[in-house]
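Colleague: My file is my_file11.txt. It has compact mmCIF, C-alpha atoms:
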# COMPACT_ATOMS: atom_id res chain seq x y z
CA MET M 6 4.67 -54.35 8.38
CA SER M 7 7.99 -55.94 9.24
CA ASP M 8 10.76 -54.10 11.06
CA ALA M 9 13.16 -54.88 8.25
CA LEU M 10 10.91 -53.14 5.80
CA ILE M 11 10.68 -50.04 7.95
CA THR M 12 14.45 -49.92 8.48
CA HIS M 13 14.91 -50.25 4.76
CA ALA M 14 12.50 -47.40 4.13
CA ILE M 15 14.27 -45.17 6.64
CA LYS M 16 17.63 -45.92 5.03
CA LYS M 17 16.23 -45.27 1.59
CA ALA M 18 14.72 -41.97 2.66
CA THR M 19 17.75 -40.69 4.55
CA HIS M 20 19.96 -41.43 1.55
CA ARG M 21 17.78 -39.44 -0.78
CA SER M 22 19.40 -36.21 -1.81
CA LEU M 23 17.00 -33.44 -0.99
CA GLY M 24 18.98 -30.69 -2.71
CA HIS M 25 17.97 -27.23 -1.63
CA VAL M 26 14.55 -28.14 -0.33
CA SER M 27 13.52 -27.31 3.19
CA LYS M 28 15.08 -30.28 4.92
CA ILE M 29 13.81 -29.66 8.40
CA SER M 30 10.15 -29.62 7.55
CA LEU M 31 10.46 -32.63 5.29
CA LEU M 32 12.42 -34.49 7.93
CA ALA M 33 9.79 -33.79 10.54
CA LEU M 34 7.16 -35.04 8.14
CA LEU M 35 9.19 -38.11 7.30
CA ILE M 36 9.56 -39.14 10.90
CA ALA M 37 5.82 -38.91 11.28
CA ILE M 38 4.87 -40.86 8.18
CA LEU M 39 7.72 -43.23 7.39
CA PRO M 40 6.16 -46.38 8.77
CA LEU M 41 3.14 -45.76 6.55
CA ALA M 42 4.82 -44.58 3.39
CA ALA M 43 6.83 -47.68 2.67
CA ALA M 44 4.74 -49.13 -0.09
CA ALA M 45 5.90 -51.79 -2.48
CA ASP M 46 6.04 -50.16 -5.90
CA ALA M 47 7.87 -52.88 -7.75
CA GLU M 48 5.00 -54.58 -9.52
CA MET M 49 2.92 -51.49 -10.17
CA PRO M 50 1.21 -51.64 -13.58
CA GLU M 51 2.21 -48.97 -16.06
CA PHE M 52 0.23 -47.09 -18.69
CA ALA M 53 1.41 -44.65 -21.31
CA LEU M 54 -0.01 -41.41 -22.61
CA THR M 55 1.50 -39.27 -25.34
CA ILE M 56 1.00 -35.58 -25.98
CA HIS M 57 1.31 -34.79 -29.66
CA ASN M 58 0.11 -31.62 -31.41
CA HIS M 59 -1.32 -30.54 -28.04
CA ARG M 60 -3.58 -33.62 -27.98
CA PHE M 61 -3.49 -36.73 -25.85
CA GLU M 62 -3.00 -40.11 -27.50
CA PRO M 63 -5.05 -42.05 -26.63
CA THR M 64 -7.81 -39.73 -25.46
CA THR M 65 -9.51 -42.59 -23.62
CA LEU M 66 -7.41 -44.90 -21.48
CA LYS M 67 -8.71 -47.95 -19.63
CA VAL M 68 -7.07 -48.67 -16.28
CA PRO M 69 -7.81 -51.17 -13.52
CA ALA M 70 -9.96 -50.01 -10.60
CA ASN M 71 -8.75 -50.39 -7.00
CA THR M 72 -5.12 -50.62 -8.06
CA LYS M 73 -2.28 -48.19 -7.79
CA PHE M 74 -0.61 -47.63 -11.16
CA LYS M 75 1.95 -45.51 -12.95
CA LEU M 76 1.00 -43.24 -15.81
CA GLN M 77 3.90 -42.32 -18.08
CA VAL M 78 3.13 -39.07 -19.87
CA THR M 79 5.39 -38.27 -22.81
CA ASN M 80 5.40 -34.87 -24.46
CA LYS M 81 6.40 -35.08 -28.15
CA ASP M 82 5.70 -31.41 -28.82
CA THR M 83 8.29 -28.67 -28.79
CA THR M 84 6.38 -26.75 -26.10
CA PRO M 85 5.74 -27.46 -22.41
CA SER M 86 2.45 -29.02 -21.31
CA GLU M 87 0.88 -29.71 -17.95
CA PHE M 88 -0.95 -32.94 -17.26
CA GLU M 89 -3.70 -31.97 -14.85
CA SER M 90 -6.87 -33.46 -13.43
CA TYR M 91 -9.19 -32.13 -10.75
CA GLU M 92 -10.88 -35.52 -10.51
CA LEU M 93 -7.63 -37.34 -9.93
CA ASN M 94 -6.12 -34.53 -7.86
CA ARG M 95 -2.98 -34.47 -9.96
CA GLU M 96 -0.89 -31.87 -11.77
CA LYS M 97 2.52 -32.20 -13.33
CA VAL M 98 4.40 -30.15 -15.90
CA VAL M 99 5.68 -32.15 -18.88
CA LEU M 100 8.54 -30.40 -20.67
CA PRO M 101 9.16 -30.82 -24.42
CA ASP M 102 10.68 -34.16 -25.42
CA SER M 103 10.40 -35.61 -21.97
CA THR M 104 8.44 -38.14 -19.97
CA VAL M 105 7.04 -37.81 -16.48
CA THR M 106 5.61 -40.47 -14.22
CA VAL M 107 2.37 -39.77 -12.40
CA LEU M 108 1.28 -42.18 -9.70
CA ILE M 109 -2.47 -42.65 -9.62
CA GLY M 110 -4.96 -44.65 -7.64
CA PRO M 111 -6.28 -46.86 -6.26
CA LEU M 112 -9.36 -45.54 -8.07
CA ASP M 113 -13.00 -46.44 -7.67
CA LYS M 114 -14.74 -47.59 -10.82
CA GLY M 115 -15.68 -44.63 -12.98
CA THR M 116 -14.46 -42.06 -15.45
CA TYR M 117 -11.89 -39.41 -14.62
CA LYS M 118 -11.26 -36.43 -16.88
CA PHE M 119 -7.80 -35.01 -17.36
CA PHE M 120 -6.47 -32.13 -19.47
CA ASP M 121 -3.42 -30.25 -20.64
CA ASP M 122 -3.52 -27.08 -18.56
CA PHE M 123 -1.48 -25.18 -21.15
CA HIS M 124 -3.65 -26.28 -24.10
CA GLN M 125 -7.11 -26.79 -22.71
CA ASP M 126 -8.91 -26.26 -26.01
CA THR M 127 -7.33 -29.38 -27.56
CA GLY M 128 -5.73 -31.33 -24.72
CA GLN M 129 -8.59 -33.29 -23.17
CA GLY M 130 -8.84 -36.93 -22.22
CA VAL M 131 -10.46 -39.40 -19.88
CA LEU M 132 -9.36 -42.35 -17.75
CA ILE M 133 -11.82 -45.19 -17.34
CA ALA M 134 -11.25 -47.29 -14.25
CA GLU M 135 -12.95 -50.68 -14.42
CA MET N 27 -6.31 -14.49 -26.90
CA LEU N 28 -8.99 -15.47 -24.45
CA ALA N 29 -7.29 -18.79 -23.70
CA ILE N 30 -4.07 -16.95 -22.91
CA ALA N 31 -5.83 -14.36 -20.77
CA LEU N 32 -7.71 -17.09 -18.89
CA LEU N 33 -4.63 -19.14 -18.01
CA VAL N 34 -2.68 -16.06 -16.92
CA PHE N 35 -5.70 -14.92 -14.92
CA ARG N 36 -6.03 -18.24 -13.08
CA GLU N 37 -2.39 -18.35 -12.08
CA VAL N 38 -2.28 -14.67 -11.16
CA LEU N 39 -5.48 -15.01 -9.13
CA GLU N 40 -3.94 -17.50 -6.72
CA ALA N 41 -0.86 -15.39 -6.09
CA SER N 42 -2.95 -12.23 -5.99
CA LEU N 43 -5.25 -13.51 -3.24
CA ILE N 44 -2.27 -14.54 -1.11
CA VAL N 45 -0.62 -11.14 -1.62
CA THR N 46 -3.90 -9.45 -0.67
CA VAL N 47 -4.30 -11.27 2.64
CA VAL N 48 -0.66 -10.59 3.50
CA ALA N 49 -1.01 -6.92 2.51
CA ALA N 50 -4.10 -6.53 4.70
CA SER N 51 -2.41 -8.21 7.65
CA THR N 52 0.48 -5.74 7.52
CA ARG N 53 -1.76 -2.69 7.43
CA GLY N 54 -0.12 0.25 9.17
CA VAL N 55 3.38 -1.20 9.10
CA ALA N 56 6.12 1.17 7.97
CA ARG N 57 7.41 0.75 4.41
CA ARG N 58 5.15 -2.21 3.76
CA GLY N 59 4.60 -1.03 0.18
CA SER N 60 8.24 -1.64 -0.64
CA PHE N 61 8.12 -4.97 1.21
CA ILE N 62 5.16 -6.15 -0.86
CA GLY N 63 6.61 -4.80 -4.10
CA GLY N 64 9.96 -6.37 -3.26
CA GLY N 65 8.30 -9.72 -2.57
CA ILE N 66 6.49 -9.64 -5.90
CA ALA N 67 9.67 -8.64 -7.77
CA LEU N 68 11.73 -11.36 -6.07
CA GLY N 69 9.02 -13.90 -6.84
CA MET N 70 8.99 -12.93 -10.52
CA ILE N 71 12.75 -13.34 -10.77
CA GLY N 72 12.41 -16.66 -8.94
CA ALA N 73 9.65 -17.76 -11.33
CA ILE N 74 11.92 -17.23 -14.33
CA VAL N 75 14.79 -19.06 -12.63
CA VAL N 76 12.52 -21.98 -11.72
CA ALA N 77 11.17 -22.15 -15.28
CA ILE N 78 14.70 -22.20 -16.68
CA PHE N 79 15.69 -25.02 -14.35
CA ALA N 80 12.39 -26.87 -14.72
CA GLY N 81 14.13 -29.77 -16.46
CA VAL N 82 16.69 -30.14 -13.68
CA ILE N 83 14.00 -29.94 -11.01
CA ASN N 84 11.87 -32.55 -12.81
CA GLU N 85 14.64 -35.11 -12.97
CA ALA N 86 15.81 -34.62 -9.39
CA VAL N 87 15.02 -37.23 -6.71
CA GLY N 88 14.20 -39.96 -9.22
CA GLY N 89 11.65 -37.92 -11.20
CA LEU N 90 9.85 -36.65 -8.12
CA GLY N 91 11.61 -33.28 -8.07
CA GLN N 92 8.59 -31.33 -9.23
CA GLU N 93 6.31 -32.70 -6.51
CA LEU N 94 8.92 -32.30 -3.78
CA PHE N 95 9.86 -28.81 -4.94
CA ASN N 96 6.22 -27.69 -4.86
CA ALA N 97 5.63 -29.30 -1.48
CA SER N 98 8.75 -27.66 -0.05
CA VAL N 99 7.82 -24.20 -1.33
CA LEU N 100 4.33 -24.58 0.11
CA LEU N 101 5.51 -25.91 3.47
CA ALA N 102 8.11 -23.15 3.74
CA ALA N 103 5.32 -20.61 3.26
CA VAL N 104 3.23 -22.41 5.91
CA VAL N 105 6.09 -22.22 8.43
CA MET N 106 6.61 -18.51 7.72
CA ILE N 107 2.93 -17.64 8.01
CA GLY N 108 2.81 -19.65 11.22
CA TRP N 109 5.72 -17.74 12.64
CA HIS N 110 4.07 -14.45 11.71
CA VAL N 111 0.64 -15.13 13.21
CA VAL N 112 2.14 -16.36 16.46
CA TRP N 113 4.37 -13.29 16.58
CA MET N 114 1.37 -11.07 15.82
CA SER N 115 -0.47 -12.49 18.81
CA SER N 116 2.12 -10.98 21.08
CA HIS N 117 2.51 -7.69 19.21
CA GLY N 118 -0.84 -7.21 17.51
CA LYS N 119 -2.47 -5.34 20.37
CA GLU N 120 0.48 -3.00 20.55
CA MET N 121 0.18 -2.32 16.82
CA LEU N 122 -3.51 -1.70 17.13
CA ARG N 123 -3.00 0.81 19.92
CA HIS N 124 -0.50 2.73 17.81
CA MET N 125 -2.92 2.78 14.91
CA GLN N 126 -5.77 4.10 16.96
CA GLN N 127 -3.68 6.92 18.41
CA VAL N 128 -1.97 8.07 15.25
CA THR N 129 -2.65 7.01 11.71
CA ALA N 130 1.06 7.29 11.04
CA SER N 131 3.02 4.17 10.27
CA VAL N 132 3.98 1.81 13.02
CA LYS N 133 7.67 1.14 13.26
CA THR N 134 7.49 -2.22 14.97
CA GLY N 135 7.10 -5.41 13.07
CA SER N 136 9.70 -5.12 10.34
CA SER N 137 11.21 -8.51 11.11
CA SER N 138 7.88 -10.26 10.79
CA VAL N 139 7.10 -8.28 7.67
CA ALA N 140 10.32 -9.57 6.15
CA VAL N 141 8.96 -13.06 6.70
CA LEU N 142 5.77 -12.12 4.89
CA LEU N 143 7.84 -10.69 2.04
CA ALA N 144 9.20 -14.20 1.63
CA VAL N 145 5.66 -15.63 1.65
CA ILE N 146 4.68 -13.27 -1.17
CA ALA N 147 7.83 -14.14 -3.10
CA LEU N 148 7.14 -17.88 -2.76
CA ALA N 149 3.51 -17.51 -3.88
CA VAL N 150 4.50 -15.46 -6.93
CA LEU N 151 7.36 -17.85 -7.71
CA ARG N 152 5.15 -20.94 -7.69
CA GLU N 153 2.32 -19.58 -9.81
CA GLY N 154 4.61 -17.40 -11.91
CA SER N 155 6.84 -20.24 -13.06
CA GLU N 156 3.83 -21.88 -14.72
CA ILE N 157 2.98 -18.65 -16.51
CA VAL N 158 6.57 -18.40 -17.72
CA LEU N 159 6.55 -21.99 -19.05
CA PHE N 160 3.18 -21.46 -20.69
CA LEU N 161 4.19 -18.20 -22.34
CA TYR N 162 7.49 -19.69 -23.45
CA GLY N 163 5.52 -22.47 -25.13
CA MET N 164 3.13 -20.02 -26.72
CA THR N 165 5.96 -17.93 -28.16
CA ALA N 166 7.90 -20.99 -29.29
CA SER N 167 4.90 -22.45 -31.10
CA GLY N 168 4.43 -19.17 -32.94
CA ALA N 169 1.27 -17.93 -31.29
CA ASP N 170 -0.06 -14.69 -32.68
CA ARG N 171 1.89 -11.86 -31.10
CA MET N 172 -1.20 -9.70 -30.83
CA ASP N 173 -2.93 -12.45 -28.86
CA LEU N 174 -0.06 -12.50 -26.40
CA LEU N 175 0.19 -8.73 -26.17
CA ALA N 176 -3.51 -8.45 -25.43
CA GLY N 177 -4.05 -11.69 -23.47
CA VAL N 178 -1.22 -11.41 -20.94
CA PRO N 179 -2.02 -7.90 -19.65
CA LEU N 180 -5.71 -8.75 -19.62
CA GLY N 181 -5.11 -11.83 -17.46
CA LEU N 182 -2.73 -9.94 -15.18
CA ALA N 183 -5.14 -7.05 -14.74
CA GLY N 184 -8.07 -9.40 -14.05
CA GLY N 185 -6.17 -11.34 -11.40
CA ALA N 186 -4.91 -8.18 -9.74
CA ALA N 187 -8.40 -6.63 -9.83
CA VAL N 188 -9.87 -9.53 -7.81
CA GLY N 189 -7.07 -9.05 -5.29
CA PHE N 190 -7.77 -5.33 -4.97
CA ALA N 191 -11.51 -5.96 -4.61
CA LEU N 192 -10.85 -8.36 -1.73
CA TYR N 193 -8.43 -5.87 -0.18
CA PHE N 194 -10.94 -3.03 -0.14
CA GLY N 195 -13.56 -5.42 1.14
CA LEU N 196 -11.29 -6.35 4.04
CA LEU N 197 -10.71 -2.68 4.84
CA GLN N 198 -14.42 -2.46 5.73
CA ILE N 199 -13.78 -4.63 8.79
CA PRO N 200 -13.82 -2.40 11.90
CA LEU N 201 -10.32 -1.67 13.10
CA HIS N 202 -10.98 -3.31 16.44
CA TYR N 203 -11.45 -6.72 14.81
CA PHE N 204 -9.20 -6.10 11.86
CA PHE N 205 -6.01 -7.92 12.89
CA ASN N 206 -7.99 -10.72 14.44
CA ALA N 207 -9.71 -11.21 11.11
CA THR N 208 -6.55 -11.01 9.01
CA ASN N 209 -4.76 -13.36 11.42
CA TRP N 210 -7.52 -15.91 10.99
CA MET N 211 -7.36 -15.50 7.25
CA LEU N 212 -3.63 -16.18 7.39
CA VAL N 213 -4.24 -19.31 9.48
CA LEU N 214 -6.75 -20.64 6.95
CA LEU N 215 -4.46 -19.67 4.09
CA ALA N 216 -1.59 -21.59 5.71
CA ALA N 217 -3.86 -24.60 6.33
CA GLY N 218 -4.85 -24.61 2.66
CA LEU N 219 -1.24 -24.40 1.49
CA SER N 220 -0.39 -27.22 3.87
CA SER N 221 -3.16 -29.41 2.45
CA THR N 222 -1.99 -28.65 -1.11
CA ALA N 223 1.53 -29.65 -0.06
CA ALA N 224 0.12 -32.94 1.26
CA GLY N 225 -1.45 -33.43 -2.19
CA PHE N 226 1.97 -33.15 -3.84
CA LEU N 227 3.54 -35.53 -1.32
CA ILE N 228 0.75 -38.04 -2.03
CA GLN N 229 1.40 -37.63 -5.75
CA ALA N 230 5.08 -38.36 -5.08
CA ASP N 231 4.03 -41.44 -3.06
CA TRP N 232 5.85 -40.05 -0.03
CA LEU N 233 2.60 -40.00 1.91
CA PRO N 234 -0.32 -42.43 2.01
CA THR N 235 -3.67 -40.99 0.95
CA TRP N 236 -5.62 -42.16 4.03
CA GLY N 237 -8.68 -42.24 1.81
CA ASN N 238 -8.37 -41.27 -1.84
CA GLN N 239 -11.48 -39.14 -1.80
CA LEU N 240 -13.14 -38.36 1.52
CA TRP N 241 -16.07 -36.65 -0.14
CA ASN N 242 -17.02 -35.15 -3.47
CA THR N 243 -18.63 -31.72 -3.43
CA SER N 244 -17.72 -30.82 -7.01
CA TRP N 245 -21.45 -30.68 -7.80
CA LEU N 246 -21.70 -27.81 -5.31
CA VAL N 247 -18.43 -25.92 -5.77
CA SER N 248 -16.07 -27.29 -8.37
CA ASN N 249 -12.34 -26.71 -8.02
CA ASN N 250 -12.15 -25.45 -11.58
CA SER N 251 -14.77 -22.76 -11.08
CA LEU N 252 -13.59 -19.29 -10.24
CA PHE N 253 -15.29 -19.39 -6.85
CA GLY N 254 -13.88 -22.84 -6.11
CA GLN N 255 -10.40 -21.67 -6.98
CA ALA N 256 -10.67 -18.60 -4.76
CA LEU N 257 -11.96 -20.77 -1.90
CA HIS N 258 -9.12 -23.20 -2.54
CA VAL N 259 -6.56 -20.45 -1.99
CA LEU N 260 -8.28 -18.66 0.87
CA VAL N 261 -9.41 -21.58 3.05
CA GLY N 262 -7.95 -24.65 1.35
CA TYR N 263 -11.20 -25.87 -0.16
CA GLU N 264 -10.93 -29.18 -2.04
CA ALA N 265 -13.92 -30.70 -3.81
CA ARG N 266 -12.35 -34.17 -3.53
CA PRO N 267 -9.88 -34.14 -0.64
CA ALA N 268 -7.70 -37.06 0.34
CA GLY N 269 -7.75 -38.03 4.02
CA MET N 270 -4.14 -36.95 4.44
CA GLN N 271 -4.96 -33.49 3.09
CA LEU N 272 -7.63 -33.04 5.73
CA VAL N 273 -5.16 -34.20 8.39
CA PHE N 274 -2.63 -31.58 7.23
CA TRP N 275 -5.33 -28.92 7.22
CA LEU N 276 -6.46 -29.78 10.75
CA VAL N 277 -2.96 -30.11 12.18
CA THR N 278 -1.96 -26.72 10.75
CA THR N 279 -5.03 -24.87 12.04
CA THR N 280 -4.73 -26.52 15.46
CA MET N 281 -1.03 -25.77 15.81
CA LEU N 282 -1.34 -22.14 14.74
CA PHE N 283 -4.43 -21.59 16.87
CA THR N 284 -2.69 -23.05 19.93
CA GLY N 285 0.44 -21.00 19.23
CA MET N 286 -1.61 -17.82 18.97
CA ARG N 287 -3.48 -18.52 22.18
CA LEU N 288 -0.32 -19.34 24.12
CA MET N 289 1.47 -16.21 22.96
CA ALA N 290 -1.53 -14.00 23.67
CA ALA N 291 -1.89 -15.49 27.17
CA ARG N 292 1.80 -14.96 27.87
CA GLN N 293 1.55 -11.38 26.70
CA THR N 294 -1.42 -10.69 28.95
CA ALA N 295 0.37 -12.22 31.94
CA LEU N 296 3.43 -10.08 31.28
CA ARG N 297 1.33 -6.93 31.04
CA VAL N 298 -0.58 -7.70 34.22
CA ARG N 299 2.67 -8.24 36.08
CA ALA N 300 4.17 -5.01 34.69
CA GLU N 301 1.10 -3.04 35.70
CA ALA N 302 1.11 -4.54 39.19
CA GLN N 303 4.74 -3.60 39.60
CA GLN N 304 4.05 -0.06 38.48
CA ALA N 305 1.14 0.31 40.88
CA GLU N 306 2.90 -1.08 43.95
CA PRO N 307 6.64 -0.63 43.56
CA THR N 308 7.41 -0.64 47.31
CA ARG N 309 5.56 -3.80 48.19
CA ASN N 310 7.06 -5.57 45.24
CA ALA N 311 10.53 -4.50 46.25
CA ALA N 312 9.87 -5.75 49.77
CA SER N 313 8.62 -9.12 48.58
CA THR N 314 11.66 -9.60 46.35
CA ASN N 315 13.87 -8.88 49.36
CA THR N 316 12.25 -11.58 51.45
CA VAL N 317 12.67 -14.07 48.59
Would you mind giving the structure from this file in structure tokens?
Modeller:
Amino acid sequence: MSDALITHAIKKATHRSLGHVSKISLLALLIAILPLAAAADAEMPEFALTIHNHRFEPTTLKVPANTKFKLQVTNKDTTPSEFESYELNREKVVLPDSTVTVLIGPLDKGTYKFFDDFHQDTGQGVLIAE
Amino acid sequence: MLAIALLVFREVLEASLIVTVVAASTRGVARRGSFIGGGIALGMIGAIVVAIFAGVINEAVGGLGQELFNASVLLAAVVMIGWHVVWMSSHGKEMLRHMQQVTASVKTGSSSVAVLLAVIALAVLREGSEIVLFLYGMTASGADRMDLLAGVPLGLAGGAAVGFALYFGLLQIPLHYFFNATNWMLVLLAAGLSSTAAGFLIQADWLPTWGNQLWNTSWLVSNNSLFGQALHVLVGYEARPAGMQLVFWLVTTTMLFTGMRLMAARQTALRVRAEAQQAEPTRNAASTNTV
């Protein structure tokens, strides 16, 4: 990794507004991991998932294996949902009328179940990495 | 009703297990009941505030607010638990001696207990905010009121009952080993929280994974089983851990273990010196004069 890239990453990180979060611990972490965390995320492929009537649309989503990608989850219901997956090790609350981005991968080939933690009886889906 | 009870139960369970370990580790400390109650109350208020500002948190830091908020809350709890166990290593023996002499409350330790109050508050805040969002959604979507009125208390009671069961189980540990055991439980608890925090930082792409999935033991103990969830809270069990999560787990246990050992060694050295001075005051005075 080039020095320029690392300097850029440090600048980017130090300019981030951390708000009220515990700055010291995050700073200590940052110093330790910065050289490794600077990943190019410009050309990451994107996929979309919609929550409607407490169901995912589509319920089966094909994604590329061995690639990092962004999953945009949009909640069209009037109630909060939580996109969650034990197999992907992800959880993120999706408020009504809003979209969240979940970074996933690189995944091995296979199927990965996900669900809506707040509506588990209806909100079920699966990612297929191939 | 059952779906509501189950979700509430799962969220309460995590907070309840943390509260239990903290409660056990402060056994014998004066006014700890009000500390624990205060921590829970503060956490519940915090949970409502966090739920209200969920939208603001989500949009902060370029959409990564939720991950960074969770990671910060978890890491703050790790730091506080760390501070407490290291402090306990220098005062634990003293507490134990008090407890063996008189069963009355020990006055020392309030400052460290205040730190643990914060740990309880953070645990309740994190799990509680999800319950608040979920219940808000349930009410807004016109869920049957009877389902809510029956489901919520049922979930709460279930989660609390598991906590109480663990607490009375822990009380069976002989007093001589008791604080050693609860200290170790706190170390493992902190390591688990630290590994969960690493998970959120990976999700935010602030940390590399160092191996997306080191192993997969979900066939043995799945993270969505009750046992798997309890293990996840108590020792940081992950059925599919990322390499970075294991690193966080190991670094936390190693740091806290080293801190405990160093403090305990220092305490022993201090006591030995104090006893030597008591035994031979004249010779000591003479030696200080020559120096």
Colleague: Give me the residues near His57 (chain M) as an MDAnalysis selection string, where near means some atom within 8 Å (using all atoms listed in the file) and where sequence neighbours in that chain fewer than 4 positions away do not count.
Modeller: chainID M and resid 61:62 80:82
Colleague: Please report the interatomic distance between CA of Glu89 (chain M) and CA of Ala102 (chain N) in Å with one decimal.
Modeller: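 For CA of Glu89 (chain M) relative to CA of Ala102 (chain N), the distance reads 23.7 Å.
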Colleague: Using all atoms listed in the file, can you tell me which of M:Ala53, M:Lys97, M:Ala70, M:Glu48 comes closest to Tyr117 (chain M)?
Modeller: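 Among the listed residues, the smallest separation from Tyr117 (chain M) belongs to M:Ala70.
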Colleague: Given the choices N:Leu272, N:Met164, N:Ala176, N:Ala41, which gets closest to His59 (chain M) if the distance is worked out from only C-alpha atoms?
Modeller: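 Among the listed residues, N:Met164 lies closest to His59 (chain M).
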Colleague: Here's a test: counting only C-alpha atoms, identify every protein, DNA and RNA residue with an atom at most 8 Å from (0.9, -13.0, 20.4) in the file's coordinate frame, and state them as a PyMOL selection string.
Modeller: chain N and resi 111-118+286-293
Colleague: Using all atoms listed in the file, which residues sit within 12 Å of Val82 (chain N) once same-chain residues fewer than 5 positions away are excluded, as an MDAnalysis selection string?
Modeller: (chainID M and resid 24 100 103) or (chainID N and resid 75:77 87:92 95)
Colleague: Just the residues within 9 Å of Phe35 (chain N), please, counting only C-alpha atoms, with nothing from its chain fewer than 5 positions along; format it as a PyMOL selection string.
Modeller: chain N and resi 30+40+178+180-186
Colleague: Taking only C-alpha atoms into account, which of M:Tyr91, M:Phe52, M:Lys75, M:Arg60 comes nearest Pro111 (chain M)?
Modeller: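 Ranked by minimum distance to Pro111 (chain M), first place goes to M:Lys75.
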Colleague: Record the distance separating CA of Ala223 (chain N) and CA of Leu143 (chain N), expressed in Å with one decimal.
Modeller: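 Result for CA of Ala223 (chain N) versus CA of Leu143 (chain N): 20.1 Å, one decimal.
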Colleague: Which residues come within 12 Å of Asp102 (chain M), counting all atoms listed in the file, excluding same-chain residues fewer than 3 positions away, as an MDAnalysis selection string?
Modeller: (chainID M and resid 55:57 78:86 99 105) or (chainID N and resid 81)
